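Engineer: Handing over target_2.pdb, PDB, C-alpha atoms and all ligand atoms.
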ATOM      1  CA  MET A 134      68.257 104.588 -60.202  1.00  0.00           C
ATOM      2  CA  ALA A 135      70.943 105.211 -57.617  1.00  0.00           C
ATOM      3  CA  GLY A 136      73.166 108.206 -58.144  1.00  0.00           C
ATOM      4  CA  LEU A 137      70.877 109.876 -60.650  1.00  0.00           C
ATOM      5  CA  ASP A 138      70.100 113.515 -59.879  1.00  0.00           C
ATOM      6  CA  VAL A 139      66.398 113.435 -60.695  1.00  0.00           C
ATOM      7  CA  SER A 140      65.959 117.132 -59.940  1.00  0.00           C
ATOM      8  CA  ALA A 141      68.151 117.887 -62.981  1.00  0.00           C
ATOM      9  CA  LEU A 142      65.791 116.022 -65.324  1.00  0.00           C
ATOM     10  CA  PRO A 143      62.718 117.615 -66.910  1.00  0.00           C
ATOM     11  CA  PRO A 144      59.371 116.006 -66.018  1.00  0.00           C
ATOM     12  CA  HIS A 145      58.245 113.005 -68.062  1.00  0.00           C
ATOM     13  CA  LEU A 146      55.645 113.598 -70.753  1.00  0.00           C
ATOM     14  CA  VAL A 147      52.888 111.039 -70.196  1.00  0.00           C
ATOM     15  CA  LEU A 148      50.442 110.423 -73.047  1.00  0.00           C
ATOM     16  CA  VAL A 149      47.057 109.032 -72.042  1.00  0.00           C
ATOM     17  CA  GLY A 150      43.893 108.207 -73.955  1.00  0.00           C
ATOM     18  CA  LEU A 151      41.750 105.406 -75.333  1.00  0.00           C
ATOM     19  CA  PRO A 152      43.349 102.323 -76.887  1.00  0.00           C
ATOM     20  CA  GLY A 153      44.093 103.106 -80.529  1.00  0.00           C
ATOM     21  CA  VAL A 154      44.063 106.898 -80.200  1.00  0.00           C
ATOM     22  CA  GLY A 155      47.718 107.133 -81.260  1.00  0.00           C
ATOM     23  CA  LYS A 156      49.677 107.363 -78.004  1.00  0.00           C
ATOM     24  CA  THR A 157      52.571 105.270 -79.322  1.00  0.00           C
ATOM     25  CA  THR A 158      52.849 106.998 -82.710  1.00  0.00           C
ATOM     26  CA  ILE A 159      52.623 110.522 -81.281  1.00  0.00           C
ATOM     27  CA  GLY A 160      54.873 109.660 -78.340  1.00  0.00           C
ATOM     28  CA  ARG A 161      57.552 108.120 -80.506  1.00  0.00           C
ATOM     29  CA  GLY A 162      57.503 111.123 -82.870  1.00  0.00           C
ATOM     30  CA  ALA A 163      57.710 113.658 -80.042  1.00  0.00           C
ATOM     31  CA  ALA A 164      60.500 111.742 -78.289  1.00  0.00           C
ATOM     32  CA  LYS A 165      62.520 111.733 -81.506  1.00  0.00           C
ATOM     33  CA  SER A 166      62.154 115.505 -81.967  1.00  0.00           C
ATOM     34  CA  LEU A 167      63.002 116.183 -78.328  1.00  0.00           C
ATOM     35  CA  ALA A 168      65.882 113.660 -78.353  1.00  0.00           C
ATOM     36  CA  ARG A 169      64.309 111.963 -75.338  1.00  0.00           C
ATOM     37  CA  ARG A 170      63.811 108.302 -74.570  1.00  0.00           C
ATOM     38  CA  PHE A 171      60.411 106.848 -75.423  1.00  0.00           C
ATOM     39  CA  LEU A 172      58.834 104.058 -73.393  1.00  0.00           C
ATOM     40  CA  ASP A 173      55.657 102.231 -74.299  1.00  0.00           C
ATOM     41  CA  PHE A 174      54.363 100.512 -71.120  1.00  0.00           C
ATOM     42  CA  ASP A 175      52.775  97.527 -72.896  1.00  0.00           C
ATOM     43  CA  ALA A 176      55.938  96.847 -74.910  1.00  0.00           C
ATOM     44  CA  GLU A 177      58.102  97.099 -71.777  1.00  0.00           C
ATOM     45  CA  ILE A 178      55.795  94.788 -69.785  1.00  0.00           C
ATOM     46  CA  GLU A 179      55.784  92.297 -72.690  1.00  0.00           C
ATOM     47  CA  ARG A 180      59.577  92.415 -72.814  1.00  0.00           C
ATOM     48  CA  ARG A 181      59.894  91.806 -69.069  1.00  0.00           C
ATOM     49  CA  GLU A 182      57.277  89.062 -68.895  1.00  0.00           C
ATOM     50  CA  GLY A 183      58.264  87.410 -72.169  1.00  0.00           C
ATOM     51  CA  MET A 184      54.660  87.222 -73.359  1.00  0.00           C
ATOM     52  CA  PRO A 185      52.126  89.432 -75.158  1.00  0.00           C
ATOM     53  CA  VAL A 186      49.691  91.524 -73.091  1.00  0.00           C
ATOM     54  CA  ARG A 187      46.717  89.465 -74.331  1.00  0.00           C
ATOM     55  CA  GLU A 188      48.371  86.334 -72.912  1.00  0.00           C
ATOM     56  CA  ILE A 189      49.088  88.030 -69.593  1.00  0.00           C
ATOM     57  CA  PHE A 190      45.374  88.894 -69.441  1.00  0.00           C
ATOM     58  CA  ARG A 191      44.363  85.352 -70.432  1.00  0.00           C
ATOM     59  CA  GLU A 192      46.746  83.439 -68.200  1.00  0.00           C
ATOM     60  CA  ARG A 193      47.125  85.676 -65.160  1.00  0.00           C
ATOM     61  CA  GLY A 194      44.169  88.048 -65.405  1.00  0.00           C
ATOM     62  CA  GLU A 195      43.728  91.807 -65.711  1.00  0.00           C
ATOM     63  CA  GLU A 196      44.465  92.335 -61.989  1.00  0.00           C
ATOM     64  CA  HIS A 197      47.956  90.930 -62.437  1.00  0.00           C
ATOM     65  CA  PHE A 198      48.555  93.141 -65.472  1.00  0.00           C
ATOM     66  CA  ARG A 199      47.547  96.188 -63.405  1.00  0.00           C
ATOM     67  CA  VAL A 200      50.061  95.178 -60.703  1.00  0.00           C
ATOM     68  CA  LEU A 201      52.796  95.068 -63.378  1.00  0.00           C
ATOM     69  CA  GLU A 202      51.727  98.501 -64.686  1.00  0.00           C
ATOM     70  CA  ALA A 203      51.811  99.943 -61.160  1.00  0.00           C
ATOM     71  CA  ALA A 204      55.287  98.515 -60.480  1.00  0.00           C
ATOM     72  CA  LEU A 205      56.636 100.014 -63.718  1.00  0.00           C
ATOM     73  CA  THR A 206      55.048 103.354 -62.805  1.00  0.00           C
ATOM     74  CA  ARG A 207      56.735 103.379 -59.398  1.00  0.00           C
ATOM     75  CA  GLU A 208      60.120 102.806 -61.045  1.00  0.00           C
ATOM     76  CA  LEU A 209      59.563 105.581 -63.556  1.00  0.00           C
ATOM     77  CA  SER A 210      58.342 108.016 -60.903  1.00  0.00           C
ATOM     78  CA  THR A 211      61.882 108.224 -59.532  1.00  0.00           C
ATOM     79  CA  THR A 212      63.275 109.326 -62.922  1.00  0.00           C
ATOM     80  CA  GLY A 213      62.341 111.979 -65.458  1.00  0.00           C
ATOM     81  CA  GLY A 214      62.947 113.263 -68.945  1.00  0.00           C
ATOM     82  CA  MET A 215      61.198 110.507 -70.896  1.00  0.00           C
ATOM     83  CA  VAL A 216      58.153 110.356 -73.133  1.00  0.00           C
ATOM     84  CA  LEU A 217      55.836 107.663 -71.733  1.00  0.00           C
ATOM     85  CA  SER A 218      52.897 105.854 -73.259  1.00  0.00           C
ATOM     86  CA  PRO A 219      50.971 103.805 -70.689  1.00  0.00           C
ATOM     87  CA  GLY A 220      48.097 101.588 -71.860  1.00  0.00           C
ATOM     88  CA  GLY A 221      44.633 103.116 -72.021  1.00  0.00           C
ATOM     89  CA  GLY A 222      43.537 101.669 -68.659  1.00  0.00           C
ATOM     90  CA  TRP A 223      46.453 103.032 -66.648  1.00  0.00           C
ATOM     91  CA  ILE A 224      44.427 106.171 -65.956  1.00  0.00           C
ATOM     92  CA  THR A 225      42.064 104.177 -63.712  1.00  0.00           C
ATOM     93  CA  GLN A 226      44.871 103.552 -61.192  1.00  0.00           C
ATOM     94  CA  THR A 227      44.706 106.628 -59.025  1.00  0.00           C
ATOM     95  CA  GLU A 228      47.933 105.964 -57.130  1.00  0.00           C
ATOM     96  CA  SER A 229      49.943 105.527 -60.321  1.00  0.00           C
ATOM     97  CA  VAL A 230      48.434 108.644 -61.854  1.00  0.00           C
ATOM     98  CA  GLU A 231      49.299 110.706 -58.765  1.00  0.00           C
ATOM     99  CA  LEU A 232      52.898 109.437 -58.866  1.00  0.00           C
ATOM    100  CA  LEU A 233      53.379 110.557 -62.459  1.00  0.00           C
ATOM    101  CA  ARG A 234      51.438 113.760 -61.947  1.00  0.00           C
ATOM    102  CA  GLN A 235      54.286 114.707 -59.636  1.00  0.00           C
ATOM    103  CA  ALA A 236      57.076 113.370 -61.860  1.00  0.00           C
ATOM    104  CA  GLY A 237      55.540 114.370 -65.187  1.00  0.00           C
ATOM    105  CA  ARG A 238      53.054 116.273 -67.293  1.00  0.00           C
ATOM    106  CA  ILE A 239      50.016 114.241 -68.253  1.00  0.00           C
ATOM    107  CA  ILE A 240      48.738 114.879 -71.772  1.00  0.00           C
ATOM    108  CA  TYR A 241      45.345 113.519 -72.845  1.00  0.00           C
ATOM    109  CA  LEU A 242      44.974 112.646 -76.517  1.00  0.00           C
ATOM    110  CA  ARG A 243      41.240 113.044 -76.951  1.00  0.00           C
ATOM    111  CA  ALA A 244      38.992 111.465 -79.569  1.00  0.00           C
ATOM    112  CA  ALA A 245      35.417 110.229 -79.576  1.00  0.00           C
ATOM    113  CA  PRO A 246      35.153 106.425 -79.264  1.00  0.00           C
ATOM    114  CA  GLU A 247      33.495 106.253 -82.700  1.00  0.00           C
ATOM    115  CA  THR A 248      36.516 107.999 -84.263  1.00  0.00           C
ATOM    116  CA  VAL A 249      38.974 105.692 -82.513  1.00  0.00           C
ATOM    117  CA  ALA A 250      36.971 102.645 -83.639  1.00  0.00           C
ATOM    118  CA  ARG A 251      37.267 103.793 -87.270  1.00  0.00           C
ATOM    119  CA  ARG A 252      41.037 104.182 -86.918  1.00  0.00           C
ATOM    120  CA  LEU A 253      41.597 101.052 -84.883  1.00  0.00           C
ATOM    121  CA  ARG A 254      43.736  98.286 -86.256  1.00  0.00           C
ATOM    122  CA  ARG A 255      44.722  95.079 -84.459  1.00  0.00           C
ATOM    123  CA  VAL A 256      41.630  94.737 -82.248  1.00  0.00           C
ATOM    124  CA  GLU A 257      42.682  91.135 -81.539  1.00  0.00           C
ATOM    125  CA  THR A 258      45.791  92.297 -79.618  1.00  0.00           C
ATOM    126  CA  ARG A 259      43.610  94.398 -77.283  1.00  0.00           C
ATOM    127  CA  PRO A 260      42.068  91.986 -74.797  1.00  0.00           C
ATOM    128  CA  LEU A 261      39.345  94.363 -73.598  1.00  0.00           C
ATOM    129  CA  LEU A 262      38.090  94.890 -77.159  1.00  0.00           C
ATOM    130  CA  ALA A 263      38.788  91.536 -78.826  1.00  0.00           C
ATOM    131  CA  GLY A 264      35.746  89.548 -79.872  1.00  0.00           C
ATOM    132  CA  ARG A 265      33.257  92.391 -79.546  1.00  0.00           C
ATOM    133  CA  ASP A 266      32.032  95.379 -81.503  1.00  0.00           C
ATOM    134  CA  PRO A 267      34.868  97.906 -81.015  1.00  0.00           C
ATOM    135  CA  VAL A 268      32.468 100.886 -81.007  1.00  0.00           C
ATOM    136  CA  VAL A 269      30.482  99.403 -78.123  1.00  0.00           C
ATOM    137  CA  GLY A 270      33.647  98.418 -76.244  1.00  0.00           C
ATOM    138  CA  LEU A 271      35.303 101.794 -76.725  1.00  0.00           C
ATOM    139  CA  ARG A 272      32.139 103.678 -75.717  1.00  0.00           C
ATOM    140  CA  GLU A 273      32.057 101.706 -72.491  1.00  0.00           C
ATOM    141  CA  LEU A 274      35.726 102.405 -71.725  1.00  0.00           C
ATOM    142  CA  TYR A 275      35.257 106.069 -72.623  1.00  0.00           C
ATOM    143  CA  GLU A 276      32.278 106.522 -70.319  1.00  0.00           C
ATOM    144  CA  LYS A 277      34.134 104.892 -67.431  1.00  0.00           C
ATOM    145  CA  ARG A 278      37.375 106.785 -67.971  1.00  0.00           C
ATOM    146  CA  ARG A 279      36.637 110.173 -69.475  1.00  0.00           C
ATOM    147  CA  GLY A 280      36.480 111.896 -66.069  1.00  0.00           C
ATOM    148  CA  ALA A 281      39.942 110.571 -65.211  1.00  0.00           C
ATOM    149  CA  TYR A 282      41.400 111.406 -68.643  1.00  0.00           C
ATOM    150  CA  GLU A 283      40.124 114.958 -68.300  1.00  0.00           C
ATOM    151  CA  THR A 284      42.193 115.535 -65.161  1.00  0.00           C
ATOM    152  CA  ALA A 285      45.287 115.669 -67.436  1.00  0.00           C
ATOM    153  CA  ASP A 286      47.522 118.771 -67.405  1.00  0.00           C
ATOM    154  CA  ALA A 287      46.829 119.297 -71.125  1.00  0.00           C
ATOM    155  CA  VAL A 288      44.224 118.028 -73.587  1.00  0.00           C
ATOM    156  CA  LEU A 289      44.964 117.664 -77.294  1.00  0.00           C
ATOM    157  CA  ASP A 290      42.074 117.114 -79.683  1.00  0.00           C
ATOM    158  CA  THR A 291      43.184 114.421 -82.131  1.00  0.00           C
ATOM    159  CA  GLU A 292      40.121 115.022 -84.300  1.00  0.00           C
ATOM    160  CA  ARG A 293      41.186 118.565 -85.122  1.00  0.00           C
ATOM    161  CA  LEU A 294      44.945 118.217 -85.320  1.00  0.00           C
ATOM    162  CA  SER A 295      47.026 116.196 -87.771  1.00  0.00           C
ATOM    163  CA  ARG A 296      49.620 113.722 -86.576  1.00  0.00           C
ATOM    164  CA  GLN A 297      52.406 116.234 -87.242  1.00  0.00           C
ATOM    165  CA  GLN A 298      50.537 118.992 -85.390  1.00  0.00           C
ATOM    166  CA  LEU A 299      49.965 116.684 -82.421  1.00  0.00           C
ATOM    167  CA  ILE A 300      53.659 115.797 -82.291  1.00  0.00           C
ATOM    168  CA  ALA A 301      54.546 119.503 -82.489  1.00  0.00           C
ATOM    169  CA  LYS A 302      52.173 120.291 -79.586  1.00  0.00           C
ATOM    170  CA  VAL A 303      53.669 117.562 -77.400  1.00  0.00           C
ATOM    171  CA  VAL A 304      57.160 118.849 -78.238  1.00  0.00           C
ATOM    172  CA  GLU A 305      56.026 122.372 -77.298  1.00  0.00           C
ATOM    173  CA  LEU A 306      54.697 121.123 -73.947  1.00  0.00           C
ATOM    174  CA  GLY A 307      57.973 119.280 -73.398  1.00  0.00           C
ATOM    175  CA  LEU A 308      60.062 122.355 -74.082  1.00  0.00           C
ATOM    176  CA  ALA A 309      57.809 124.501 -71.892  1.00  0.00           C
ATOM    177  CA  SER A 310      58.060 122.086 -68.963  1.00  0.00           C
ATOM    178  CA  GLY A 311      61.840 122.165 -68.934  1.00  0.00           C
TER     179      GLY A 311
HETATM  180  C1  LIG A 401      44.159  98.537 -72.072  1.00  0.00           C
HETATM  181  C2  LIG A 401      44.812  99.119 -73.131  1.00  0.00           C
HETATM  182  C3  LIG A 401      45.973  98.479 -73.791  1.00  0.00           C
HETATM  183  C4  LIG A 401      46.679  97.509 -72.853  1.00  0.00           C
HETATM  184  C5  LIG A 401      45.719  96.568 -72.242  1.00  0.00           C
HETATM  185  C6  LIG A 401      44.595  97.258 -71.455  1.00  0.00           C
HETATM  186  C7  LIG A 401      42.991  99.241 -71.491  1.00  0.00           C
HETATM  187  O1  LIG A 401      46.893  99.485 -74.223  1.00  0.00           O
HETATM  188  O2  LIG A 401      47.391  98.180 -71.856  1.00  0.00           O
HETATM  189  O3  LIG A 401      45.167  95.809 -73.283  1.00  0.00           O
HETATM  190  O4  LIG A 401      42.585  98.907 -70.355  1.00  0.00           O
HETATM  191  O5  LIG A 401      42.481 100.178 -72.150  1.00  0.00           O
HETATM  192  P1  LIG A 401      46.622 100.501 -75.481  1.00  0.00           P
HETATM  193  O6  LIG A 401      45.866 101.678 -74.934  1.00  0.00           O
HETATM  194  O7  LIG A 401      47.987 100.874 -75.911  1.00  0.00           O
HETATM  195  O8  LIG A 401      45.881  99.719 -76.499  1.00  0.00           O
END
What's the structure tokens form of this structure?
Ligand code: S3P

Structural biologist:
Amino acid sequence: MAGLDVSALPPHLVLVGLPGVGKTTIGRGAAKSLARRFLDFDAEIERREGMPVREIFRERGEEHFRVLEAALTRELSTTGGMVLSPGGGWITQTESVELLRQAGRIIYLRAAPETVARRLRRVETRPLLAGRDPVVGLRELYEKRRGAYETADAVLDTERLSRQQLIAKVVELGLASG
């Protein structure tokens, strides 16, 4: 973004966590309260590629999807001031995480896989969970990723806080970070 004075922008707020934990809902709500722009990575990638994420996975493979996620991250790392919701697997890409750790505050929305499975709708749109028992799939993802999720700057427990309380906490973190 040529000409943009990035140093004048507050850091991004980056919501991470398991698929279905509520990153999009909480992110959208917090962005509205903070009058900031909200960007959902999957929706943006689908818009750019002209096809749903599950088709990108099917036709071009997960590796290709991760390349698209990394490219979007690089672009966003030169800006600030947005509320971002990357897909649940973004956290496994160390380089991307380090880029947004510098340009943002990473907020982990925590929930046990069993809780997320109970809340989960639209399993069929999530290629890593489609066609299998969501509890088993989510447990697997959780075990692989929990260490990375826990490196976030802040952890919010979605099992103890209501949706409104979670939005309020993200807003608070946004106001505190400039
Ligand atoms: C993925 C999560 C999805 C999406 C893709 C891969 C993952 O996003 O990016 O299906 O690896 O956990 P949500 O977390 O928004 O479901």

Engineer: Calculate how many Å separate CA of Arg207 in chain A from CA of Glu276 in chain A, rounding to one decimal.

Structural biologist: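 CA of Arg207 in chain A sits 27.0 Å away from CA of Glu276 in chain A.
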
Engineer: For ligand LIG 401 (chain A), which residue among A:Gly150, A:Gly222, A:Gly307, A:Gly214 is the nearest when counting all atoms listed in the file?

Structural biologist: A:Gly222

Engineer: Give me, please, the distance in Å between CA of Thr248 in chain A and CA of Gly160 in chain A, quoted to one decimal.

Structural biologist: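 Separation between CA of Thr248 in chain A and CA of Gly160 in chain A: 19.4 Å.
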
Engineer: Go through the chains and note each residue within 9 Å of ligand LIG 401 (chain A), using only C-alpha atoms and all ligand atoms, then give the set as a ChimeraX atom specification.

Structural biologist: /A:149-157,173-176,186-187,190,195,198-199,202,218-225,256,258-262,271,274

Engineer: Would you compute the distance between CA of Leu232 in chain A and CA of Glu177 in chain A? Give it in Å to one decimal.

Structural biologist: 18.6 Å

Engineer: Can you list what the PyMOL selection byres (((chain A and resi 166) around 12) and not hetatm) grabs from this structure, as a ChimeraX atom specification?

Structural biologist: /A:159-165,167-171,216,297,300-305,307-308

Engineer: Counting all atoms listed in the file, what is within 12 Å of Glu273 in chain A, bar same-chain residues fewer than 3 positions away, as a PyMOL selection string?

Structural biologist: chain A and resi 151+245-247+261-262+265-270+276-279

Engineer: Let me make sure I understand: among A:Gly311, A:Arg272, A:Leu242, A:Leu201, which one has the smallest atom-to-atom distance to Arg296 in chain A if we use only C-alpha atoms?

Structural biologist: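 Closest candidate: A:Leu242.
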
Engineer: When distances are computed from only C-alpha atoms, which of A:Asp290, A:Met215, A:Tyr282, A:Ser210 shows the smallest separation from Glu228 in chain A?

Structural biologist: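 Closest residue, counting only C-alpha atoms: A:Ser210.
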
Engineer: Closest to Leu299 in chain A among A:Arg238, A:Arg243, A:Arg181, A:Arg254, using all atoms listed in the file?

Structural biologist: A:Arg243

Engineer: Can you work out which one of A:Ala281, A:Leu205, A:Met184, A:Leu294 has the shortest atom-to-atom distance to Ala244 in chain A, counting only C-alpha atoms?

Structural biologist: A:Leu294

Engineer: Just checking: using all atoms listed in the file, which residue out of A:Arg193, A:Glu292, A:Gln298, A:Ala309 ends up closest to Arg252 in chain A?

Structural biologist: A:Glu292
